[in-house]
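Next comes query.txt, with compact mmCIF, C-alpha atoms.
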```txt
# COMPACT_ATOMS: atom_id res chain seq x y z
CA MET A 21 -68.17 134.39 -136.19
CA PHE A 22 -69.84 137.58 -137.32
CA GLY A 23 -72.36 136.81 -140.05
CA TYR A 24 -72.22 133.00 -139.74
CA ARG A 25 -75.55 131.48 -138.67
CA VAL A 26 -76.33 127.87 -137.76
CA PRO A 27 -79.88 126.50 -137.30
CA ALA A 28 -80.77 124.08 -134.44
CA PRO A 29 -81.28 120.37 -135.25
CA ASP A 30 -85.08 120.78 -135.12
CA GLU A 31 -85.16 124.08 -137.00
CA ALA A 32 -84.98 125.24 -140.57
CA MET A 33 -83.12 128.48 -141.28
CA LEU A 34 -84.92 130.73 -143.78
CA ILE A 35 -82.71 133.36 -145.44
CA SER A 36 -84.53 136.09 -147.30
CA GLY A 37 -82.98 138.81 -149.44
CA GLY A 38 -80.73 138.29 -152.32
CA ARG A 39 -81.57 135.61 -154.79
CA ARG A 40 -84.69 133.49 -154.45
CA GLY A 41 -84.86 130.00 -153.15
CA GLN A 42 -85.79 126.69 -154.74
CA GLY A 43 -88.88 126.72 -156.95
CA GLY A 44 -89.13 130.47 -156.89
CA ALA A 45 -89.54 130.59 -153.11
CA PRO A 46 -88.99 134.03 -151.56
CA PHE A 47 -86.30 132.62 -149.28
CA ARG A 48 -83.65 129.99 -149.16
CA VAL A 49 -83.96 127.00 -146.78
CA VAL A 50 -80.91 125.83 -144.81
CA THR A 51 -81.10 122.78 -142.52
CA GLY A 52 -78.39 120.76 -140.82
CA HIS A 53 -75.49 123.19 -141.47
CA GLY A 54 -74.46 126.83 -141.06
CA LYS A 55 -74.16 129.61 -143.60
CA PHE A 56 -72.66 133.09 -143.88
CA VAL A 57 -75.31 135.73 -143.90
CA LEU A 58 -74.50 139.32 -144.83
CA PRO A 59 -75.89 141.62 -142.22
CA ILE A 60 -78.27 144.36 -143.28
CA PHE A 61 -78.57 142.83 -146.75
CA ARG A 62 -79.94 139.49 -145.63
CA LYS A 63 -82.55 138.54 -143.05
CA VAL A 64 -82.63 135.21 -141.19
CA ARG A 65 -85.75 133.58 -139.66
CA PHE A 66 -86.13 130.12 -138.06
CA LEU A 67 -89.05 127.67 -138.52
CA THR A 68 -89.50 124.84 -135.99
CA LEU A 69 -89.39 121.31 -137.25
CA ALA A 70 -90.26 119.83 -133.83
CA MET A 71 -93.29 117.70 -133.06
CA CYS A 72 -96.47 119.64 -132.35
CA GLU A 73 -99.77 118.58 -130.82
CA ALA A 74 -103.38 119.55 -131.53
CA GLU A 75 -106.47 118.55 -129.54
CA VAL A 76 -109.92 118.16 -131.02
CA ALA A 77 -113.24 118.03 -129.11
CA GLU A 78 -116.02 117.97 -131.70
CA THR A 79 -119.71 117.07 -131.51
CA CYS A 80 -120.58 114.82 -134.42
CA VAL A 81 -123.84 113.23 -135.56
CA THR A 82 -123.79 109.58 -136.60
CA ARG A 83 -125.66 107.97 -139.41
CA GLN A 84 -128.33 107.04 -136.87
CA GLY A 85 -128.80 110.67 -135.91
CA ILE A 86 -127.19 110.29 -132.49
CA ALA A 87 -124.92 113.13 -131.39
CA LEU A 88 -121.50 112.08 -130.12
CA THR A 89 -118.77 114.17 -128.61
CA VAL A 90 -115.42 112.90 -129.88
CA ARG A 91 -112.12 113.90 -128.40
CA ALA A 92 -108.92 113.23 -130.32
CA VAL A 93 -105.24 114.15 -130.23
CA ILE A 94 -103.21 114.80 -133.39
CA ALA A 95 -99.41 114.65 -133.45
CA PHE A 96 -97.97 116.57 -136.45
CA LYS A 97 -94.89 118.51 -137.62
CA VAL A 98 -93.48 120.42 -140.60
CA GLY A 99 -92.26 118.06 -143.31
CA ASN A 100 -88.51 117.48 -143.66
CA ASP A 101 -88.38 118.23 -147.38
CA THR A 102 -87.72 121.73 -148.69
CA GLU A 103 -91.13 122.04 -150.33
CA SER A 104 -92.93 121.34 -147.03
CA VAL A 105 -90.66 123.81 -145.23
CA VAL A 106 -91.38 126.45 -147.85
CA ASN A 107 -95.16 125.84 -147.69
CA ALA A 108 -95.22 125.92 -143.89
CA GLY A 109 -92.87 128.93 -143.76
CA GLN A 110 -95.05 130.97 -146.05
CA ARG A 111 -98.12 130.21 -143.89
CA PHE A 112 -96.91 129.96 -140.30
CA LEU A 113 -93.52 131.68 -140.08
CA SER A 114 -94.89 134.77 -138.37
CA GLU A 115 -97.45 132.88 -136.21
CA GLN A 116 -96.20 129.32 -135.77
CA ASP A 117 -98.75 128.62 -132.98
CA GLN A 118 -101.49 128.78 -135.60
CA MET A 119 -100.31 125.40 -136.92
CA SER A 120 -102.03 123.61 -134.03
CA VAL A 121 -105.22 125.66 -134.38
CA LEU A 122 -105.48 125.08 -138.09
CA THR A 123 -104.66 121.39 -137.78
CA GLY A 124 -107.40 120.95 -135.15
CA ARG A 125 -109.96 122.62 -137.36
CA ILE A 126 -108.98 120.52 -140.34
CA PHE A 127 -109.31 117.27 -138.37
CA ALA A 128 -112.57 118.38 -136.75
CA GLY A 129 -114.13 118.76 -140.18
CA HIS A 130 -112.91 115.35 -141.31
CA LEU A 131 -114.17 113.74 -138.07
CA ARG A 132 -117.66 115.15 -138.60
CA SER A 133 -117.68 113.93 -142.18
CA ILE A 134 -116.50 110.39 -141.42
CA ILE A 135 -118.57 109.89 -138.23
CA GLY A 136 -121.67 110.97 -140.17
CA SER A 137 -121.24 107.91 -142.37
CA MET A 138 -120.84 105.45 -139.45
CA THR A 139 -123.05 103.99 -136.75
CA VAL A 140 -122.44 104.27 -133.03
CA GLU A 141 -121.59 100.58 -132.84
CA GLU A 142 -118.97 100.95 -135.59
CA ILE A 143 -117.50 104.07 -134.01
CA VAL A 144 -117.28 102.44 -130.57
CA THR A 145 -115.99 99.06 -131.71
CA GLU A 146 -113.78 100.26 -134.61
CA ARG A 147 -111.92 103.29 -133.35
CA GLN A 148 -108.78 102.43 -135.24
CA LYS A 149 -110.73 102.29 -138.48
CA LEU A 150 -112.10 105.76 -137.73
CA ALA A 151 -108.65 107.15 -137.04
CA THR A 152 -107.21 105.61 -140.19
CA GLU A 153 -109.95 107.05 -142.38
CA VAL A 154 -109.50 110.52 -140.86
CA LEU A 155 -105.76 110.40 -141.50
CA GLU A 156 -106.20 109.28 -145.08
CA THR A 157 -108.70 111.99 -145.90
CA SER A 158 -106.65 114.78 -144.25
CA LYS A 159 -103.24 113.77 -145.62
CA THR A 160 -103.55 115.74 -148.90
CA GLU A 161 -104.87 118.84 -147.23
CA MET A 162 -102.15 118.77 -144.56
CA ALA A 163 -99.46 118.34 -147.22
CA LYS A 164 -100.59 121.53 -148.91
CA ILE A 165 -99.73 123.55 -145.84
CA GLY A 166 -96.41 121.71 -145.39
CA LEU A 167 -97.49 119.56 -142.39
CA THR A 168 -97.36 115.78 -141.89
CA VAL A 169 -99.41 113.87 -139.29
CA ASP A 170 -97.58 111.22 -137.30
CA SER A 171 -100.59 109.85 -135.39
CA LEU A 172 -104.24 110.38 -134.52
CA GLN A 173 -105.65 108.99 -131.27
CA ILE A 174 -109.38 108.93 -130.45
CA GLN A 175 -109.41 109.63 -126.72
CA SER A 176 -113.11 109.42 -125.93
CA ILE A 177 -116.55 109.09 -127.43
CA ASP A 178 -119.45 110.43 -125.36
CA ASP A 179 -123.18 110.38 -126.23
CA GLY A 180 -124.13 112.84 -123.51
CA ASP A 181 -127.45 112.15 -121.78
CA THR A 182 -128.92 109.88 -124.45
CA GLY A 183 -127.55 106.73 -122.79
CA TYR A 184 -127.26 104.95 -126.12
CA ILE A 185 -123.75 103.73 -125.50
CA ASP A 186 -124.71 102.57 -122.02
CA ALA A 187 -127.76 100.75 -123.39
CA MET A 188 -125.64 99.25 -126.11
CA SER A 189 -123.16 98.06 -123.54
CA ALA A 190 -125.83 96.84 -121.10
CA PRO A 191 -125.96 93.25 -122.49
CA HIS A 192 -122.20 93.13 -122.52
CA LYS A 193 -122.15 94.55 -119.04
CA ALA A 194 -124.71 92.00 -117.91
CA ALA A 195 -122.74 89.20 -119.55
CA ILE A 196 -119.57 90.52 -118.03
CA GLN A 197 -121.24 90.85 -114.66
CA ARG A 198 -122.65 87.36 -115.02
CA GLN A 199 -119.25 86.03 -115.95
CA ALA A 200 -117.78 88.00 -113.09
CA GLN A 201 -120.34 86.53 -110.70
CA ILE A 202 -119.71 83.06 -112.06
CA ALA A 203 -116.02 83.60 -111.75
CA GLN A 204 -116.52 84.96 -108.26
CA ALA A 205 -118.71 81.97 -107.34
CA GLN A 206 -116.16 79.60 -108.80
CA ALA A 207 -113.42 81.40 -106.97
CA THR A 208 -115.46 81.26 -103.75
CA GLN A 209 -116.19 77.57 -104.29
CA ALA A 210 -112.56 76.91 -105.05
CA SER A 211 -111.62 78.87 -101.96
CA VAL A 212 -114.09 76.90 -99.83
CA GLU A 213 -112.89 73.62 -101.33
CA ALA A 214 -109.33 74.66 -100.73
CA GLN A 215 -110.18 75.55 -97.14
CA GLN A 216 -112.00 72.24 -96.68
CA GLU A 217 -109.12 70.38 -98.26
CA ALA A 218 -106.71 72.25 -96.04
CA ALA A 219 -108.88 71.38 -93.02
CA ARG A 220 -108.96 67.71 -94.08
CA ASN A 221 -105.23 67.73 -94.64
CA GLN A 222 -104.73 69.34 -91.26
CA ALA A 223 -107.04 66.79 -89.61
CA GLU A 224 -105.25 63.94 -91.38
CA TYR A 225 -101.91 65.37 -90.36
CA SER A 226 -103.17 65.71 -86.78
CA ARG A 227 -104.43 62.11 -86.87
CA GLN A 228 -101.15 60.81 -88.25
CA THR A 229 -99.27 62.89 -85.71
CA ALA A 230 -101.40 61.48 -82.90
CA ILE A 231 -100.86 57.94 -84.19
CA VAL A 232 -97.13 58.47 -84.44
CA GLN A 233 -97.04 60.02 -80.98
CA ALA A 234 -99.06 57.09 -79.61
CA GLN A 235 -96.68 54.65 -81.29
CA TYR A 236 -93.69 56.51 -79.92
CA SER A 237 -95.31 56.57 -76.45
CA ALA A 238 -96.07 52.84 -76.65
CA GLU A 239 -92.51 52.12 -77.73
CA VAL A 240 -91.17 54.26 -74.90
CA ASP A 241 -93.44 52.49 -72.39
CA ARG A 242 -92.45 49.12 -73.78
CA ALA A 243 -88.78 50.04 -73.64
CA GLN A 244 -89.18 51.29 -70.07
CA ALA A 245 -91.04 48.10 -69.10
CA GLN A 246 -88.35 46.00 -70.73
CA ALA A 247 -85.69 48.04 -68.98
CA ALA A 248 -87.54 47.61 -65.66
CA GLN A 249 -87.82 43.86 -66.25
CA ALA A 250 -84.29 43.54 -67.56
CA GLY A 251 -82.76 43.38 -64.07
CA PRO A 252 -85.07 40.69 -62.61
CA LEU A 253 -85.05 38.77 -65.88
CA ALA A 254 -81.28 38.89 -66.04
CA GLU A 255 -81.06 37.80 -62.41
CA ALA A 256 -83.57 34.98 -62.97
CA HIS A 257 -81.75 33.95 -66.11
CA ALA A 258 -78.47 33.98 -64.21
CA GLN A 259 -80.01 31.91 -61.39
CA GLN A 260 -81.44 29.54 -63.98
CA GLU A 261 -78.03 29.19 -65.57
CA VAL A 262 -76.49 28.63 -62.11
CA LEU A 263 -79.12 25.96 -61.31
CA ALA A 264 -78.55 24.34 -64.68
CA ALA A 265 -74.80 24.37 -64.06
CA GLN A 266 -75.30 22.96 -60.56
CA THR A 267 -77.66 20.30 -61.90
CA GLU A 268 -75.19 19.36 -64.60
CA LEU A 269 -72.40 19.27 -62.00
CA ALA A 270 -74.54 17.08 -59.70
CA GLU A 271 -75.36 14.75 -62.61
CA ARG A 272 -71.71 14.51 -63.48
CA ALA A 273 -70.84 13.88 -59.81
CA ALA A 274 -73.54 11.18 -59.62
CA LEU A 275 -72.30 9.62 -62.82
CA LEU A 276 -68.75 9.72 -61.49
CA ARG A 277 -69.88 8.20 -58.18
CA GLN A 278 -71.78 5.54 -60.07
CA GLN A 279 -68.70 4.76 -62.11
CA GLN A 280 -66.64 4.68 -58.91
CA LEU A 281 -69.18 2.29 -57.27
CA VAL A 282 -69.15 0.11 -60.35
CA ALA A 283 -65.38 0.09 -60.31
CA GLU A 284 -65.10 -0.43 -56.55
CA ILE A 285 -68.04 -2.83 -55.81
CA VAL A 286 -69.87 -4.16 -58.86
CA LYS A 287 -66.86 -5.08 -60.93
CA PRO A 288 -65.06 -6.87 -58.04
CA ALA A 289 -68.36 -8.60 -57.09
CA GLU A 290 -68.93 -9.70 -60.67
CA ALA A 291 -65.34 -10.93 -60.87
CA GLU A 292 -65.76 -12.81 -57.58
CA ALA A 293 -69.09 -14.27 -58.74
CA GLU A 294 -67.54 -15.32 -62.01
CA ARG A 295 -64.66 -16.90 -60.12
CA ILE A 296 -67.04 -18.78 -57.81
CA ARG A 297 -69.16 -19.88 -60.77
CA LEU A 298 -66.12 -21.17 -62.58
CA LEU A 299 -64.97 -22.98 -59.44
CA ALA A 300 -68.47 -24.46 -58.99
CA LEU A 301 -68.55 -25.57 -62.58
CA ALA A 302 -65.17 -27.14 -62.22
CA GLU A 303 -66.20 -28.87 -59.02
CA ALA A 304 -69.45 -30.06 -60.57
CA GLU A 305 -67.60 -31.34 -63.58
CA ARG A 306 -65.17 -33.12 -61.32
CA MET A 307 -67.98 -34.68 -59.30
CA LYS A 308 -69.81 -35.59 -62.47
CA ILE A 309 -66.74 -37.28 -63.78
CA GLN A 310 -66.30 -39.08 -60.49
CA ALA A 311 -69.99 -40.05 -60.39
CA ALA A 312 -69.81 -41.25 -63.96
CA ALA A 313 -66.76 -43.29 -63.15
CA ALA A 314 -68.41 -44.74 -60.02
CA ALA A 315 -71.68 -45.32 -61.88
CA SER A 316 -69.92 -47.07 -64.68
CA TYR A 317 -68.28 -49.42 -62.17
CA ASP A 318 -71.47 -50.05 -60.18
CA ARG A 319 -73.61 -50.44 -63.30
CA VAL A 320 -71.64 -53.44 -64.45
CA ALA A 321 -72.22 -55.14 -61.13
CA LEU A 322 -75.89 -54.10 -61.03
CA ASP A 323 -76.58 -55.29 -64.52
CA ARG A 324 -75.05 -58.60 -63.71
CA MET A 325 -77.19 -58.88 -60.58
CA LEU A 326 -80.38 -57.88 -62.39
CA ILE A 327 -79.71 -60.32 -65.18
CA ASP A 328 -79.30 -63.01 -62.63
CA GLN A 329 -82.62 -62.04 -60.96
CA LEU A 330 -84.58 -61.60 -64.20
CA PRO A 331 -85.91 -65.23 -64.31
CA GLN A 332 -87.13 -64.86 -60.77
CA ILE A 333 -88.84 -61.57 -61.59
CA VAL A 334 -90.60 -63.09 -64.56
CA LYS A 335 -91.58 -66.02 -62.44
CA GLU A 336 -93.09 -63.75 -59.83
CA ALA A 337 -94.93 -61.81 -62.50
CA SER A 338 -96.37 -64.96 -64.01
CA ALA A 339 -97.48 -66.15 -60.62
CA GLY A 340 -100.36 -63.71 -60.85
CA LEU A 341 -101.78 -65.74 -63.69
CA GLN A 342 -102.21 -68.88 -61.57
CA GLY A 343 -105.84 -69.85 -61.13
CA ALA A 344 -106.95 -67.30 -63.78
CA ASN A 345 -109.34 -68.38 -66.51
CA VAL A 346 -107.62 -67.29 -69.71
CA ASN A 347 -109.35 -67.62 -73.05
CA VAL A 348 -107.05 -67.36 -75.98
CA LEU A 349 -108.96 -66.32 -79.06
CA ASN A 350 -106.25 -66.39 -81.62
CA GLY A 351 -104.51 -69.62 -80.76
CA ALA A 352 -100.73 -69.98 -80.79
CA ASP A 353 -100.20 -66.35 -81.66
CA GLY A 354 -102.09 -65.29 -78.58
CA LEU A 355 -99.96 -67.47 -76.34
CA GLY A 356 -96.82 -66.10 -77.85
CA GLU A 357 -98.00 -62.59 -77.17
CA ILE A 358 -98.74 -63.41 -73.54
CA ALA A 359 -95.29 -64.83 -73.07
CA ALA A 360 -93.72 -61.86 -74.74
CA GLY A 361 -95.77 -59.57 -72.49
CA LEU A 362 -94.49 -61.36 -69.40
CA VAL A 363 -90.90 -60.99 -70.56
CA GLY A 364 -91.47 -57.31 -71.48
CA GLN A 365 -92.98 -56.68 -68.07
CA GLY A 366 -89.90 -58.10 -66.48
CA LEU A 367 -87.69 -55.88 -68.56
CA THR A 368 -89.78 -52.87 -67.62
CA ILE A 369 -89.39 -53.65 -63.95
CA LEU A 370 -85.67 -54.04 -64.51
CA ASP A 371 -85.42 -50.68 -66.22
CA SER A 372 -87.40 -48.96 -63.45
CA VAL A 373 -85.08 -50.39 -60.83
CA ARG A 374 -82.09 -49.23 -62.76
CA ARG A 375 -83.49 -45.68 -63.03
CA ASN A 376 -84.18 -45.60 -59.34
CA LEU A 377 -80.61 -46.66 -58.64
CA GLY A 378 -79.28 -43.82 -60.84
CA ALA A 379 -78.29 -46.02 -63.74
CA PRO A 380 -78.52 -44.19 -67.02
CA GLU A 381 -81.40 -45.11 -69.20
CA GLY A 382 -80.47 -47.59 -71.90
CA ALA A 383 -77.09 -48.38 -70.27
CA THR A 384 -77.23 -51.89 -71.62
CA GLY A 385 -77.36 -50.53 -75.11
CA GLY A 386 -80.98 -51.53 -75.74
CA THR A 387 -84.24 -49.67 -75.91
CA PRO A 388 -86.38 -49.63 -72.73
CA ALA A 389 -88.92 -52.40 -72.85
CA VAL A 390 -92.56 -51.55 -73.16
CA ALA A 391 -95.26 -53.89 -72.00
CA PRO A 392 -97.09 -55.33 -75.00
CA ALA A 393 -100.66 -54.54 -75.50
CA GLY A 394 -101.68 -58.17 -75.08
CA LEU A 395 -100.37 -58.50 -71.40
CA ALA A 396 -103.15 -59.79 -69.15
CA LYS A 397 -103.72 -58.04 -65.81
CA ALA A 398 -103.90 -60.08 -62.63
CA ASP A 399 -107.03 -58.24 -61.50
CA GLY A 400 -109.14 -60.05 -64.07
CA GLY A 401 -109.53 -57.13 -66.58
CA THR A 402 -109.65 -57.52 -70.31
CA ARG A 403 -107.14 -56.06 -72.84
CA LYS A 404 -107.35 -56.38 -76.55
CA ALA A 405 -104.45 -56.53 -78.92
CA PRO A 406 -104.94 -55.07 -82.32
CA GLY A 407 -106.67 -57.67 -84.49
CA ARG A 408 -106.83 -60.23 -81.68
CA SER A 409 -109.08 -60.91 -78.72
CA ILE A 410 -108.12 -62.25 -75.28
CA GLU A 411 -110.70 -62.72 -72.57
CA ILE A 412 -109.70 -63.15 -68.90
CA ASP A 413 -112.24 -63.90 -66.14
```
Could you quickly redo this structure as structure tokens?
Amino acid sequence: MFGYRVPAPDEAMLISGGRRGQGGAPFRVVTGHGKFVLPIFRKVRFLTLAMCEAEVAETCVTRQGIALTVRAVIAFKVGNDTESVVNAGQRFLSEQDQMSVLTGRIFAGHLRSIIGSMTVEEIVTERQKLATEVLETSKTEMAKIGLTVDSLQIQSIDDGDTGYIDAMSAPHKAAIQRQAQIAQAQATQASVEAQQEAARNQAEYSRQTAIVQAQYSAEVDRAQAQAAQAGPLAEAHAQQEVLAAQTELAERAALLRQQQLVAEIVKPAEAEAERIRLLALAEAERMKIQAAAAASYDRVALDRMLIDQLPQIVKEASAGLQGANVNVLNGADGLGEIAAGLVGQGLTILDSVRRNLGAPEGATGGTPAVAPAGLAKADGGTRKAPGRSIEID
């Protein structure tokens, strides 16, 4: 619409003409909204509120007298408040590019002042401290011209050809190089150890693989050998089983034949032998009974005959004493013993005859007679009875 003006978001609209602005400013400040402006009677100008940049490259002398070239970058802008806009508008509205030039000069002066109170070591190792001190010292001066600094960055510090910074960093460089060499040596050693370990692992794996392959090969050879021997072994085993079966069959046949022979020959022969034995026993018993009966009959007659002949036998036995010189040492007892001996001798002869004739011993019911110890021999010998003495010559 004709006469209605709106500033950009990063601009401040300055309206001059008419009544004055805040605090007696020669213009009114409008930001963030539009406003009707009467043409011809009012004049509108715009002041940037965007971020601006200023670079500083200043040669400064330290407290040690060493010249350093310091390069820094300053980020700044016009303040958002009306007072800052008014201050900046009054100074830079016609030539807004001069804000960067002026800001660089301001910060160059503060850098020289602060670096002059510091050593090279402090400047190099404490750059942030340097930047903070520069910002603090320039804040009031920048506010007067309506500018605010957002940041200050020290880009580089150079001592030129003096080599002070290099000399200062030499021990650190040497230490760093030494650490780098140590690290490199350790890395190389670790690499070599890793390679050796890998080689050992590979050799061990190769050895295990060879062992496994040898085992597999041995198992295959053994299986093939077993398979090759399986046929002959099976055939031999089958033949062995056939022979065992044939042997068992032959043994059973022999046993059966033996049983048949026993049943056909041995058993009948044993039965026949038993029959013959029983018949023989019966016959022997019969003959024994007959013999006993005959003997019992004959014995009665024999005994009678022997009894009748006994006096004659004794007489014949005593005939051997005729003409013998007999000395009787114990008197009547000795004579009695001689007579008893003659009678006993006769009985002995009788018993011998009976045994020779088959008569059973002791058939008469008595005990066989024994010649007494005092019987005198016809050959003129001498016998002694216990406790007595008989001499014959």
- Message: So the first atom is CA of Gly124 in chain A and the second is CA of Met162 in chain A; what is the distance between them in Å, to one decimal place?
- Response: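 Separation of CA of Gly124 in chain A and CA of Met162 in chain A: 11.0 Å.
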- Task: Rounded to one decimal place, report the CA of Lys159 in chain A-CA of Ile94 in chain A distance in Å.
- Result: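 Here the two named atoms are 12.3 Å from each other.
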- Near Leu58 in chain A, counting all atoms listed in the file, which residues have an atom at most 6 Å away, once you skip same-chain residues fewer than 2 positions from it, shown as number ranges by chain? A: 23, 61-62
- Measure the distance from CA of Ser133 in chain A to CA of Lys164 in chain A in Å and round it to one decimal.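 Value for the CA of Ser133 in chain A-CA of Lys164 in chain A distance: 19.9 Å.
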- Query: Which residue gives the smallest distance to Lys97 in chain A among A:Gln201, A:Gln244, A:Gln84, A:Ser171, with all atoms listed in the file counted?
  - Reply: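 Closest candidate: A:Ser171.
Minimum distance to Val90 in chain A across A:Arg242, A:Lys63, A:Lys193, A:His130 (counting only C-alpha atoms) occurs at A:His130.
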- Who sits within 12 Å of Ile126 in chain A, all atoms listed in the file, same chain under 2 positions skipped, as a PyMOL selection string: chain A and resi 74-76+78+94+119-124+128-133+154-155+157-163+165+167+169
